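> Just so it is clear, I am handing over start.csv, which has CSV, C-alpha atoms.
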```
chain,number,residue,atom,x,y,z
A,1,MET,CA,198.9,128.1,200.5
A,2,VAL,CA,196.6,125.5,201.9
A,3,GLY,CA,194.1,126.7,204.5
A,4,THR,CA,193.2,124.8,207.6
A,5,ARG,CA,189.9,124.4,209.3
A,6,PRO,CA,189.3,124.3,213.0
A,7,LEU,CA,188.5,120.9,214.4
A,8,GLY,CA,184.8,120.4,215.2
A,9,ARG,CA,183.6,118.6,218.3
A,10,ARG,CA,183.3,115.3,216.4
A,11,GLY,CA,186.8,115.6,215.0
A,12,LEU,CA,188.2,116.5,218.4
A,13,SER,CA,186.4,113.5,220.0
A,14,LEU,CA,187.8,111.1,217.3
A,15,GLY,CA,191.3,112.5,217.9
A,16,VAL,CA,191.1,112.0,221.6
A,17,ALA,CA,189.7,108.5,221.2
A,18,SER,CA,192.5,107.6,218.8
A,19,ALA,CA,195.1,108.9,221.2
A,20,ILE,CA,193.7,106.8,224.0
A,21,LEU,CA,193.3,103.6,221.9
A,22,ALA,CA,196.6,103.7,220.0
A,23,PRO,CA,198.8,102.7,223.0
A,24,ALA,CA,196.4,99.8,223.9
A,25,ILE,CA,196.4,98.6,220.3
A,26,ALA,CA,200.2,98.8,220.1
A,27,ARG,CA,200.5,96.8,223.4
A,28,SER,CA,198.2,94.1,222.1
A,29,GLN,CA,200.2,93.7,218.9
A,30,ASP,CA,203.5,93.0,220.6
A,31,PHE,CA,201.9,91.0,223.5
A,32,PRO,CA,203.4,89.1,225.2
A,33,ARG,CA,206.8,90.6,226.0
A,34,LYS,CA,207.4,88.4,229.1
A,35,GLN,CA,206.1,85.2,230.7
A,36,VAL,CA,202.4,84.8,231.2
A,37,HIS,CA,200.8,83.3,234.4
A,38,VAL,CA,197.7,81.2,234.0
A,39,ILE,CA,195.8,80.5,237.2
A,40,VAL,CA,193.9,77.2,237.4
A,41,PRO,CA,191.7,77.4,240.6
A,42,TYR,CA,191.6,73.6,240.9
A,43,PRO,CA,194.1,70.9,241.9
A,44,PRO,CA,196.6,69.3,239.4
A,45,GLY,CA,195.3,66.4,237.4
A,46,GLY,CA,191.7,67.4,237.2
A,47,GLY,CA,189.7,68.3,234.1
A,48,THR,CA,190.4,72.0,234.3
A,49,ASP,CA,194.1,71.4,234.8
A,50,ILE,CA,194.3,69.0,231.8
A,51,VAL,CA,192.5,71.5,229.5
A,52,ALA,CA,194.7,74.4,230.6
A,53,ARG,CA,198.0,72.6,230.2
A,54,LEU,CA,196.9,71.2,226.8
A,55,ILE,CA,196.1,74.6,225.3
A,56,MET,CA,198.5,76.9,227.2
A,57,SER,CA,201.5,74.8,226.2
A,58,ARG,CA,200.7,75.4,222.5
A,59,LEU,CA,199.8,79.0,223.1
A,60,GLY,CA,203.3,79.5,224.7
A,61,GLU,CA,204.8,78.0,221.5
A,62,ARG,CA,202.9,80.3,219.4
A,63,TRP,CA,203.8,83.3,221.5
A,64,LYS,CA,207.4,82.2,221.9
A,65,GLN,CA,207.1,83.0,225.6
A,66,THR,CA,206.8,80.9,228.7
A,67,VAL,CA,203.3,80.3,229.9
A,68,ILE,CA,203.2,79.1,233.5
A,69,VAL,CA,200.1,77.2,234.7
A,70,ASP,CA,199.7,77.6,238.4
A,71,ASN,CA,197.2,75.6,240.4
A,72,LYS,CA,195.6,77.7,243.2
A,73,ALA,CA,192.8,75.4,244.5
A,74,GLY,CA,190.3,76.1,247.2
A,75,ALA,CA,186.7,77.0,247.8
A,76,SER,CA,185.3,75.6,244.6
A,77,GLY,CA,187.6,77.8,242.5
A,78,ILE,CA,187.1,81.0,244.4
A,79,VAL,CA,190.6,81.2,245.8
A,80,GLY,CA,192.4,81.2,242.5
A,81,SER,CA,189.8,83.3,240.8
A,82,GLU,CA,190.3,86.1,243.4
A,83,ILE,CA,194.0,86.3,242.5
A,84,VAL,CA,193.1,87.1,238.9
A,85,ALA,CA,190.3,89.5,239.8
A,86,LYS,CA,192.9,91.5,241.8
A,87,SER,CA,195.7,91.4,239.1
A,88,PRO,CA,196.6,94.2,236.7
A,89,PRO,CA,194.5,94.0,233.4
A,90,ASP,CA,197.6,93.7,231.2
A,91,GLY,CA,197.1,90.1,230.0
A,92,TYR,CA,200.0,88.6,232.0
A,93,THR,CA,197.7,87.0,234.7
A,94,LEU,CA,194.9,85.0,233.2
A,95,LEU,CA,192.3,82.5,234.6
A,96,VAL,CA,191.2,79.1,233.2
A,97,THR,CA,188.1,78.0,235.0
A,98,THR,CA,184.8,76.2,234.5
A,99,SER,CA,181.0,76.8,234.5
A,100,ALA,CA,181.3,76.8,238.3
A,101,HIS,CA,182.4,80.4,237.9
A,102,THR,CA,178.8,81.4,237.2
A,103,ILE,CA,177.3,78.9,239.8
A,104,ASN,CA,179.5,79.8,242.8
A,105,PRO,CA,177.7,83.1,243.6
A,106,PHE,CA,174.5,81.1,244.4
A,107,PHE,CA,176.2,78.8,246.9
A,108,THR,CA,178.7,81.2,248.5
A,109,ARG,CA,177.3,84.2,250.4
A,110,HIS,CA,180.4,86.4,250.8
A,111,MET,CA,182.1,86.3,247.4
A,112,PRO,CA,185.4,88.2,247.3
A,113,TYR,CA,184.7,89.5,243.8
A,114,ASP,CA,181.8,90.1,241.4
A,115,THR,CA,181.6,87.3,238.9
A,116,GLU,CA,180.6,89.6,236.0
A,117,ARG,CA,182.2,93.0,236.8
A,118,ASP,CA,185.6,91.9,238.1
A,119,PHE,CA,186.7,89.8,235.0
A,120,THR,CA,187.1,90.2,231.3
A,121,PRO,CA,185.7,87.2,229.4
A,122,ILE,CA,188.2,86.3,226.6
A,123,THR,CA,186.9,83.1,225.1
A,124,VAL,CA,185.6,79.5,225.7
A,125,LEU,CA,188.4,77.0,225.4
A,126,VAL,CA,186.4,73.8,225.5
A,127,ILE,CA,182.7,73.1,225.4
A,128,GLY,CA,181.6,69.9,227.1
A,129,ALA,CA,178.6,68.5,228.9
A,130,LEU,CA,177.5,66.8,232.0
A,131,ALA,CA,176.0,63.3,231.9
A,132,LEU,CA,173.0,61.9,233.7
A,133,ALA,CA,174.1,58.4,234.7
A,134,GLY,CA,171.8,55.6,235.7
A,135,SER,CA,172.4,52.6,238.0
A,136,THR,CA,172.2,49.3,236.2
A,137,LYS,CA,171.5,47.6,239.6
A,138,ALA,CA,168.5,50.0,240.1
A,139,GLY,CA,167.2,49.0,236.7
A,140,PHE,CA,167.8,52.3,234.9
A,141,ASP,CA,169.6,51.8,231.6
A,142,SER,CA,167.6,54.4,229.7
A,143,ILE,CA,166.4,57.9,230.6
A,144,GLN,CA,162.8,56.9,229.5
A,145,LYS,CA,162.8,54.2,232.2
A,146,PHE,CA,163.8,56.7,234.9
A,147,LEU,CA,161.4,59.4,233.8
A,148,ALA,CA,158.5,56.9,233.8
A,149,ALA,CA,159.4,55.5,237.2
A,150,ALA,CA,159.8,58.9,238.8
A,151,ARG,CA,156.6,60.2,237.4
A,152,ALA,CA,154.7,57.1,238.6
A,153,GLU,CA,156.0,57.4,242.1
A,154,PRO,CA,156.6,61.1,243.0
A,155,GLY,CA,159.0,61.6,245.9
A,156,LYS,CA,160.5,58.1,245.8
A,157,PHE,CA,163.7,58.8,243.8
A,158,GLN,CA,166.8,60.9,244.1
A,159,PHE,CA,169.6,62.2,242.0
A,160,GLY,CA,173.2,62.3,243.2
A,161,SER,CA,175.5,65.3,242.8
A,162,ALA,CA,179.3,65.6,243.4
A,163,ASP,CA,179.7,69.4,243.7
A,164,SER,CA,177.8,72.7,243.2
A,165,THR,CA,177.9,72.4,239.4
A,166,THR,CA,176.4,68.9,239.3
A,167,ARG,CA,173.9,69.9,242.0
A,168,MET,CA,172.8,73.0,239.9
A,169,PHE,CA,172.4,71.0,236.7
A,170,GLY,CA,170.5,68.3,238.6
A,171,GLU,CA,168.1,71.0,240.0
A,172,LEU,CA,167.6,72.4,236.5
A,173,PHE,CA,166.8,68.9,235.2
A,174,ARG,CA,164.3,68.4,238.1
A,175,VAL,CA,162.6,71.7,237.3
A,176,ARG,CA,162.5,71.2,233.5
A,177,SER,CA,161.3,67.6,233.8
A,178,GLY,CA,158.7,68.3,236.4
A,179,LEU,CA,159.9,65.4,238.5
A,180,ASP,CA,159.6,65.2,242.3
A,181,ILE,CA,163.1,64.0,243.1
A,182,GLU,CA,165.5,64.9,245.9
A,183,ASN,CA,169.2,65.7,245.8
A,184,VAL,CA,171.8,63.5,247.5
A,185,ALA,CA,175.0,65.4,247.8
A,186,TYR,CA,178.4,63.6,247.8
A,187,LYS,CA,181.9,64.9,248.4
A,188,GLY,CA,183.3,64.2,245.0
A,189,ALA,CA,182.5,62.2,241.9
A,190,ALA,CA,184.2,59.0,243.1
A,191,PRO,CA,181.9,58.2,246.1
A,192,MET,CA,178.8,59.2,244.1
A,193,ILE,CA,179.7,56.8,241.2
A,194,GLN,CA,180.4,54.0,243.7
A,195,GLU,CA,176.9,54.5,245.1
A,196,LEU,CA,175.5,54.5,241.6
A,197,ALA,CA,177.3,51.3,240.7
A,198,GLY,CA,176.1,49.7,243.9
A,199,GLY,CA,172.4,50.6,243.2
A,200,HIS,CA,172.1,52.8,246.3
A,201,ILE,CA,171.0,55.8,244.3
A,202,PRO,CA,169.1,55.6,240.9
A,203,VAL,CA,170.8,58.4,239.0
A,204,GLY,CA,173.4,61.0,239.3
A,205,PHE,CA,175.1,63.9,237.4
A,206,SER,CA,178.8,63.7,236.6
A,207,SER,CA,181.2,64.5,233.8
A,208,PRO,CA,181.1,61.9,231.0
A,209,LEU,CA,184.7,60.9,231.6
A,210,SER,CA,184.2,60.2,235.3
A,211,VAL,CA,181.6,57.5,234.5
A,212,MET,CA,183.0,56.3,231.2
A,213,ALA,CA,184.7,53.2,232.6
A,214,HIS,CA,181.6,52.1,234.5
A,215,HIS,CA,179.5,52.9,231.4
A,216,ARG,CA,181.7,50.7,229.2
A,217,ALA,CA,181.6,48.0,231.9
A,218,GLY,CA,177.8,48.1,232.1
A,219,THR,CA,177.6,48.8,235.8
A,220,VAL,CA,176.4,52.4,235.1
A,221,HIS,CA,174.7,53.7,232.0
A,222,ILE,CA,175.0,57.2,230.7
A,223,LEU,CA,171.4,58.1,230.0
A,224,ALA,CA,171.6,61.6,228.5
A,225,VAL,CA,174.0,64.5,228.1
A,226,THR,CA,173.4,68.2,228.7
A,227,SER,CA,174.9,69.4,225.4
A,228,GLU,CA,173.0,70.8,222.4
A,229,LYS,CA,174.4,68.0,220.2
A,230,ARG,CA,175.4,64.4,220.9
A,231,LEU,CA,179.0,63.9,221.9
A,232,ALA,CA,181.3,62.4,219.4
A,233,LEU,CA,182.6,60.1,222.1
A,234,LEU,CA,179.0,58.9,222.9
A,235,PRO,CA,177.2,58.9,219.6
A,236,ASP,CA,174.4,56.6,220.9
A,237,VAL,CA,173.6,58.7,224.0
A,238,PRO,CA,170.8,61.2,223.5
A,239,THR,CA,170.8,64.8,224.5
A,240,MET,CA,168.3,65.9,227.1
A,241,ALA,CA,166.2,67.6,224.5
A,242,GLU,CA,166.0,64.4,222.4
A,243,ALA,CA,165.0,62.5,225.6
A,244,GLY,CA,162.0,64.9,226.1
A,245,VAL,CA,163.5,67.2,228.7
A,246,PRO,CA,163.8,70.7,227.1
A,247,ASP,CA,166.0,73.6,228.2
A,248,VAL,CA,168.6,71.6,230.0
A,249,ASP,CA,171.1,72.0,227.1
A,250,ARG,CA,173.6,74.2,229.1
A,251,PRO,CA,177.1,73.3,228.2
A,252,GLN,CA,179.8,72.6,230.7
A,253,TRP,CA,182.6,75.0,229.6
A,254,PHE,CA,186.3,75.5,230.4
A,255,SER,CA,187.1,79.2,229.6
A,256,LEU,CA,189.7,81.9,229.7
A,257,PHE,CA,189.2,85.1,231.6
A,258,GLY,CA,191.4,88.1,232.4
A,259,PRO,CA,191.0,90.8,235.1
A,260,ALA,CA,188.4,93.5,234.6
A,261,ASN,CA,189.2,96.4,232.3
A,262,MET,CA,191.5,94.6,229.9
A,263,PRO,CA,191.8,96.5,226.7
A,264,PRO,CA,189.4,95.0,224.1
A,265,ALA,CA,192.1,94.8,221.5
A,266,LEU,CA,194.2,92.7,223.9
A,267,ALA,CA,191.3,90.4,224.7
A,268,ARG,CA,190.7,89.9,221.0
A,269,ARG,CA,194.4,89.3,220.3
A,270,ILE,CA,194.5,86.5,222.9
A,271,ARG,CA,191.3,85.0,221.7
A,272,ASP,CA,192.5,84.9,218.1
A,273,ASP,CA,195.6,83.1,219.2
A,274,VAL,CA,193.6,80.6,221.1
A,275,VAL,CA,191.4,80.0,218.1
A,276,ALA,CA,194.6,79.3,216.0
A,277,VAL,CA,195.7,76.8,218.6
A,278,LEU,CA,192.3,75.0,218.8
A,279,ALA,CA,192.4,74.5,215.0
A,280,GLY,CA,195.4,72.2,215.3
A,281,PRO,CA,194.5,68.6,214.4
A,282,GLU,CA,196.3,67.1,217.5
A,283,ILE,CA,194.6,69.6,219.9
A,284,LEU,CA,191.2,68.9,218.3
A,285,ALA,CA,191.7,65.1,218.7
A,286,SER,CA,192.7,65.6,222.3
A,287,ILE,CA,189.7,67.7,223.1
A,288,ARG,CA,187.3,65.2,221.5
A,289,ASP,CA,189.0,62.4,223.6
A,290,LEU,CA,187.8,64.5,226.6
A,291,ALA,CA,184.2,64.2,225.3
A,292,SER,CA,184.2,67.8,224.4
A,293,GLU,CA,184.4,70.2,221.4
A,294,PRO,CA,186.7,73.2,220.8
A,295,GLY,CA,185.4,76.7,221.8
A,296,GLY,CA,186.6,80.0,220.3
A,297,GLU,CA,183.8,82.5,220.9
A,298,THR,CA,184.7,86.1,220.6
A,299,PRO,CA,184.9,88.1,223.9
A,300,GLU,CA,181.6,89.8,223.2
A,301,VAL,CA,179.8,86.5,222.6
A,302,PHE,CA,181.4,84.9,225.6
A,303,ALA,CA,180.4,87.8,227.8
A,304,GLN,CA,176.8,87.3,226.7
A,305,ARG,CA,177.1,83.6,227.6
A,306,VAL,CA,178.3,84.5,231.1
A,307,ARG,CA,175.4,86.8,231.6
A,308,SER,CA,172.9,84.2,230.3
A,309,ASP,CA,174.4,81.5,232.6
A,310,LEU,CA,174.2,83.8,235.6
A,311,ALA,CA,170.5,84.5,234.9
A,312,ILE,CA,169.7,80.8,234.4
A,313,TRP,CA,171.4,79.7,237.6
A,314,ARG,CA,169.9,82.6,239.6
A,315,ASP,CA,166.4,81.4,238.6
A,316,THR,CA,167.2,77.8,239.2
A,317,ALA,CA,168.6,78.4,242.7
A,318,LYS,CA,165.5,80.4,243.5
A,319,VAL,CA,163.1,77.7,242.4
A,320,ALA,CA,165.2,75.0,244.1
A,321,GLY,CA,165.4,76.9,247.4
A,322,ILE,CA,169.2,77.0,247.3
A,323,GLU,CA,170.5,79.6,249.8
A,324,PRO,CA,174.2,80.7,249.7
A,325,GLU,CA,176.2,79.8,252.8
```
Take the structure I supplied and represent it as structure tokens, if you would.


Amino acid sequence: MVGTRPLGRRGLSLGVASAILAPAIARSQDFPRKQVHVIVPYPPGGGTDIVARLIMSRLGERWKQTVIVDNKAGASGIVGSEIVAKSPPDGYTLLVTTSAHTINPFFTRHMPYDTERDFTPITVLVIGALALAGSTKAGFDSIQKFLAAARAEPGKFQFGSADSTTRMFGELFRVRSGLDIENVAYKGAAPMIQELAGGHIPVGFSSPLSVMAHHRAGTVHILAVTSEKRLALLPDVPTMAEAGVPDVDRPQWFSLFGPANMPPALARRIRDDVVAVLAGPEILASIRDLASEPGGETPEVFAQRVRSDLAIWRDTAKVAGIEPE
């Protein structure tokens, strides 16, 4: 006859933990069993929408389930993000958003959610950069020329911004470069680029794609990018670090979140499927055509990125005197 030993505290704890985790692991293994809604908190046709539809269509094929991309624009992405923050953490309502997710808290006083606590970071979909563009008419076809001119005449020059993200990157550039330059805020990239091309402002921050046509035409020059490495689409354009402005290498990301308290096994399962999609040659080529690179960070690494970004933008907003409204 085989004897039995009473379970100790450690054995009992492991048994309870296994009982709790087993259903969550099982649910992640057979996910999804129904259609998945992906909220894009920006209008159709923009960069976030393009990235979401590119990747989610292939994810739906992999899952053999319908993935619906739903645009819920408003308040710099806050309206759509709130929908996800208040959804069940079962993986069937997800959010594709941008770096603005970690910048909005420093421009908006009454946020309807906590950026860190009310979401589960799943993975980065696409890593991109912002571009510092210079006006040809103003005489700035290299970042060295602008840095020299701005240092020679403090307070004379400005940088243009199109939204809260480009404003914050511009302020980070101002702080790290030590330049005395002021921000000129525009309502969108199009009017800012028009002013750049006309020589009315010397430089401005924008997505590379927004200024690419002007860059190729020679009316605007992309002077530097905020990525850690040069972009494949712009191999001759230096990074900020190469141009002598350190610590501005903060990528512009498009990422996938779920509501808070998603089971870790489910977040990892979704991330692993995203990584498989990103490895496809057609997807990779499409991402590089967007002046970007594929993401794929684990949920844990991505969560660290979110915390780091929040800390950087908090400090930048404080130094720049940005007050939430």

> Find the residue from A:Asn261, A:Gly244, A:Val203, A:Tyr42 that sits nearest to Lys86 of chain A; use only C-alpha atoms when measuring.

A:Asn261

> Please indicate the distance in Å from atom CA of Gly134 of chain A to atom CA of Ser292 of chain A, rounded to one decimal place.

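According to the coordinates, atom CA of Gly134 of chain A and atom CA of Ser292 of chain A are separated by 20.7 Å.
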
> Extract, using only C-alpha atoms, all DNA, RNA and protein residues at most 6 Å from segment 136-148 of chain A, discarding same-chain residues fewer than 4 positions from it, and format them as a PyMOL selection string.

chain A and resi 199+202+219-221+223

> Could you state the separation of atom CA of Phe205 of chain A and atom CA of Arg174 of chain A in Å, given to one decimal place?

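Taking atom CA of Phe205 of chain A as the start and atom CA of Arg174 of chain A as the end point, the length is 11.7 Å.
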
> What is the atom CA of Leu278 of chain A to atom CA of Thr115 of chain A distance in Å?

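Answer for the atom CA of Leu278 of chain A to atom CA of Thr115 of chain A separation: 25.9 Å.
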
> Out of A:Ala133, A:Val277, A:Ala311, A:Ala224, which residue has the shortest atom-to-atom distance to Met192 of chain A when counting all atoms listed in the file?

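For Met192 of chain A, the nearest of the candidates is A:Ala133.
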
> Neighbouring residues of Thr120 of chain A were defined as those with any atom within 9 Å, considering all atoms listed in the file; residues of the same chain fewer than 6 positions away were excluded. Please report them as a PDB file with C-alpha atoms, in the coordinates of the input.


```
ATOM      1  CA  PRO A  89     194.500  94.000 233.400  1.00  0.00           C
ATOM      2  CA  LEU A 256     189.700  81.900 229.700  1.00  0.00           C
ATOM      3  CA  PHE A 257     189.200  85.100 231.600  1.00  0.00           C
ATOM      4  CA  GLY A 258     191.400  88.100 232.400  1.00  0.00           C
ATOM      5  CA  PRO A 259     191.000  90.800 235.100  1.00  0.00           C
ATOM      6  CA  ALA A 260     188.400  93.500 234.600  1.00  0.00           C
ATOM      7  CA  ASN A 261     189.200  96.400 232.300  1.00  0.00           C
ATOM      8  CA  MET A 262     191.500  94.600 229.900  1.00  0.00           C
ATOM      9  CA  PRO A 264     189.400  95.000 224.100  1.00  0.00           C
ATOM     10  CA  ALA A 267     191.300  90.400 224.700  1.00  0.00           C
ATOM     11  CA  PRO A 299     184.900  88.100 223.900  1.00  0.00           C
ATOM     12  CA  ALA A 303     180.400  87.800 227.800  1.00  0.00           C
TER      13      ALA A 303
END
```

> Tell me, as a PDB file with C-alpha atoms, keeping the file's coordinate frame, which residues lie within 10 Å of Val306 of chain A, counting all atoms listed in the file; anything in the same chain fewer than 3 positions away does not count.


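Okay, this is what ended up in selection-v9.pdb:
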```pdb
ATOM      1  CA  SER A  99     181.000  76.800 234.500  1.00  0.00           C
ATOM      2  CA  HIS A 101     182.400  80.400 237.900  1.00  0.00           C
ATOM      3  CA  THR A 102     178.800  81.400 237.200  1.00  0.00           C
ATOM      4  CA  THR A 115     181.600  87.300 238.900  1.00  0.00           C
ATOM      5  CA  GLU A 116     180.600  89.600 236.000  1.00  0.00           C
ATOM      6  CA  PRO A 121     185.700  87.200 229.400  1.00  0.00           C
ATOM      7  CA  VAL A 301     179.800  86.500 222.600  1.00  0.00           C
ATOM      8  CA  PHE A 302     181.400  84.900 225.600  1.00  0.00           C
ATOM      9  CA  ALA A 303     180.400  87.800 227.800  1.00  0.00           C
ATOM     10  CA  ASP A 309     174.400  81.500 232.600  1.00  0.00           C
ATOM     11  CA  LEU A 310     174.200  83.800 235.600  1.00  0.00           C
ATOM     12  CA  ALA A 311     170.500  84.500 234.900  1.00  0.00           C
ATOM     13  CA  ILE A 312     169.700  80.800 234.400  1.00  0.00           C
TER      14      ILE A 312
END
```

> Would you mind listing what lies within 7 Å of Val225 of chain A as a PDB file with C-alpha atoms, keeping the file's coordinate frame, with all atoms listed in the file counted and same-chain residues fewer than 3 positions away left out?


```
ATOM      1  CA  ALA A 129     178.600  68.500 228.900  1.00  0.00           C
ATOM      2  CA  LEU A 130     177.500  66.800 232.000  1.00  0.00           C
ATOM      3  CA  ALA A 131     176.000  63.300 231.900  1.00  0.00           C
ATOM      4  CA  LEU A 132     173.000  61.900 233.700  1.00  0.00           C
ATOM      5  CA  PRO A 238     170.800  61.200 223.500  1.00  0.00           C
ATOM      6  CA  THR A 239     170.800  64.800 224.500  1.00  0.00           C
ATOM      7  CA  MET A 240     168.300  65.900 227.100  1.00  0.00           C
TER       8      MET A 240
END
```

> With all atoms listed in the file as the basis for distance, which of A:Glu325, A:Glu61, A:Asp289, A:Asp49 is at the shortest distance from Met212 of chain A?

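Going through A:Glu325, A:Glu61, A:Asp289, A:Asp49 one by one, the smallest distance to Met212 of chain A is for A:Asp289.
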
> Would you fill the gaps in segment 284-302 of chain A so it has N, CA and C atoms, then print it as an mmCIF file, keeping the file's coordinate frame?


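So the final result, stored in rebuild.cif, reads:
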```cif
data_model
loop_
_atom_site.group_PDB
_atom_site.id
_atom_site.type_symbol
_atom_site.label_atom_id
_atom_site.label_comp_id
_atom_site.auth_asym_id
_atom_site.auth_seq_id
_atom_site.Cartn_x
_atom_site.Cartn_y
_atom_site.Cartn_z
ATOM 1 N N LEU A 284 192.585 69.235 218.500
ATOM 2 C CA LEU A 284 191.200 68.900 218.300
ATOM 3 C C LEU A 284 190.927 67.424 218.676
ATOM 4 N N ALA A 285 191.835 66.521 218.313
ATOM 5 C CA ALA A 285 191.700 65.100 218.700
ATOM 6 C C ALA A 285 191.711 64.940 220.202
ATOM 7 N N SER A 286 192.612 65.659 220.862
ATOM 8 C CA SER A 286 192.700 65.600 222.300
ATOM 9 C C SER A 286 191.462 66.073 223.000
ATOM 10 N N ILE A 287 190.895 67.154 222.488
ATOM 11 C CA ILE A 287 189.700 67.700 223.100
ATOM 12 C C ILE A 287 188.515 66.742 222.910
ATOM 13 N N ARG A 288 188.420 66.098 221.756
ATOM 14 C CA ARG A 288 187.300 65.200 221.500
ATOM 15 C C ARG A 288 187.497 63.899 222.385
ATOM 16 N N ASP A 289 188.738 63.557 222.696
ATOM 17 C CA ASP A 289 189.000 62.400 223.600
ATOM 18 C C ASP A 289 188.477 62.773 225.027
ATOM 19 N N LEU A 290 188.309 64.069 225.323
ATOM 20 C CA LEU A 290 187.800 64.500 226.600
ATOM 21 C C LEU A 290 186.256 64.650 226.573
ATOM 22 N N ALA A 291 185.630 64.079 225.531
ATOM 23 C CA ALA A 291 184.200 64.200 225.300
ATOM 24 C C ALA A 291 183.723 65.614 225.226
ATOM 25 N N SER A 292 184.493 66.392 224.485
ATOM 26 C CA SER A 292 184.200 67.800 224.400
ATOM 27 C C SER A 292 184.463 68.287 222.933
ATOM 28 N N GLU A 293 184.177 69.581 222.704
ATOM 29 C CA GLU A 293 184.400 70.200 221.400
ATOM 30 C C GLU A 293 185.173 71.515 221.643
ATOM 31 N N PRO A 294 185.922 71.994 220.647
ATOM 32 C CA PRO A 294 186.700 73.200 220.800
ATOM 33 C C PRO A 294 185.733 74.449 220.917
ATOM 34 N N GLY A 295 186.155 75.458 221.651
ATOM 35 C CA GLY A 295 185.400 76.700 221.800
ATOM 36 C C GLY A 295 185.855 77.712 220.764
ATOM 37 N N GLY A 296 186.155 78.937 221.240
ATOM 38 C CA GLY A 296 186.600 80.000 220.300
ATOM 39 C C GLY A 296 185.745 81.170 220.186
ATOM 40 N N GLU A 297 184.739 81.321 221.029
ATOM 41 C CA GLU A 297 183.800 82.500 220.900
ATOM 42 C C GLU A 297 184.601 83.779 221.066
ATOM 43 N N THR A 298 184.074 84.817 220.447
ATOM 44 C CA THR A 298 184.700 86.100 220.600
ATOM 45 C C THR A 298 184.405 86.609 222.071
ATOM 46 N N PRO A 299 185.196 87.570 222.554
ATOM 47 C CA PRO A 299 184.900 88.100 223.900
ATOM 48 C C PRO A 299 183.519 88.593 224.107
ATOM 49 N N GLU A 300 182.977 89.217 223.068
ATOM 50 C CA GLU A 300 181.600 89.800 223.200
ATOM 51 C C GLU A 300 180.577 88.663 223.335
ATOM 52 N N VAL A 301 180.702 87.617 222.524
ATOM 53 C CA VAL A 301 179.800 86.500 222.600
ATOM 54 C C VAL A 301 179.908 85.739 223.911
ATOM 55 N N PHE A 302 181.153 85.559 224.331
ATOM 56 C CA PHE A 302 181.400 84.900 225.600
ATOM 57 C C PHE A 302 180.824 85.661 226.766
#
```
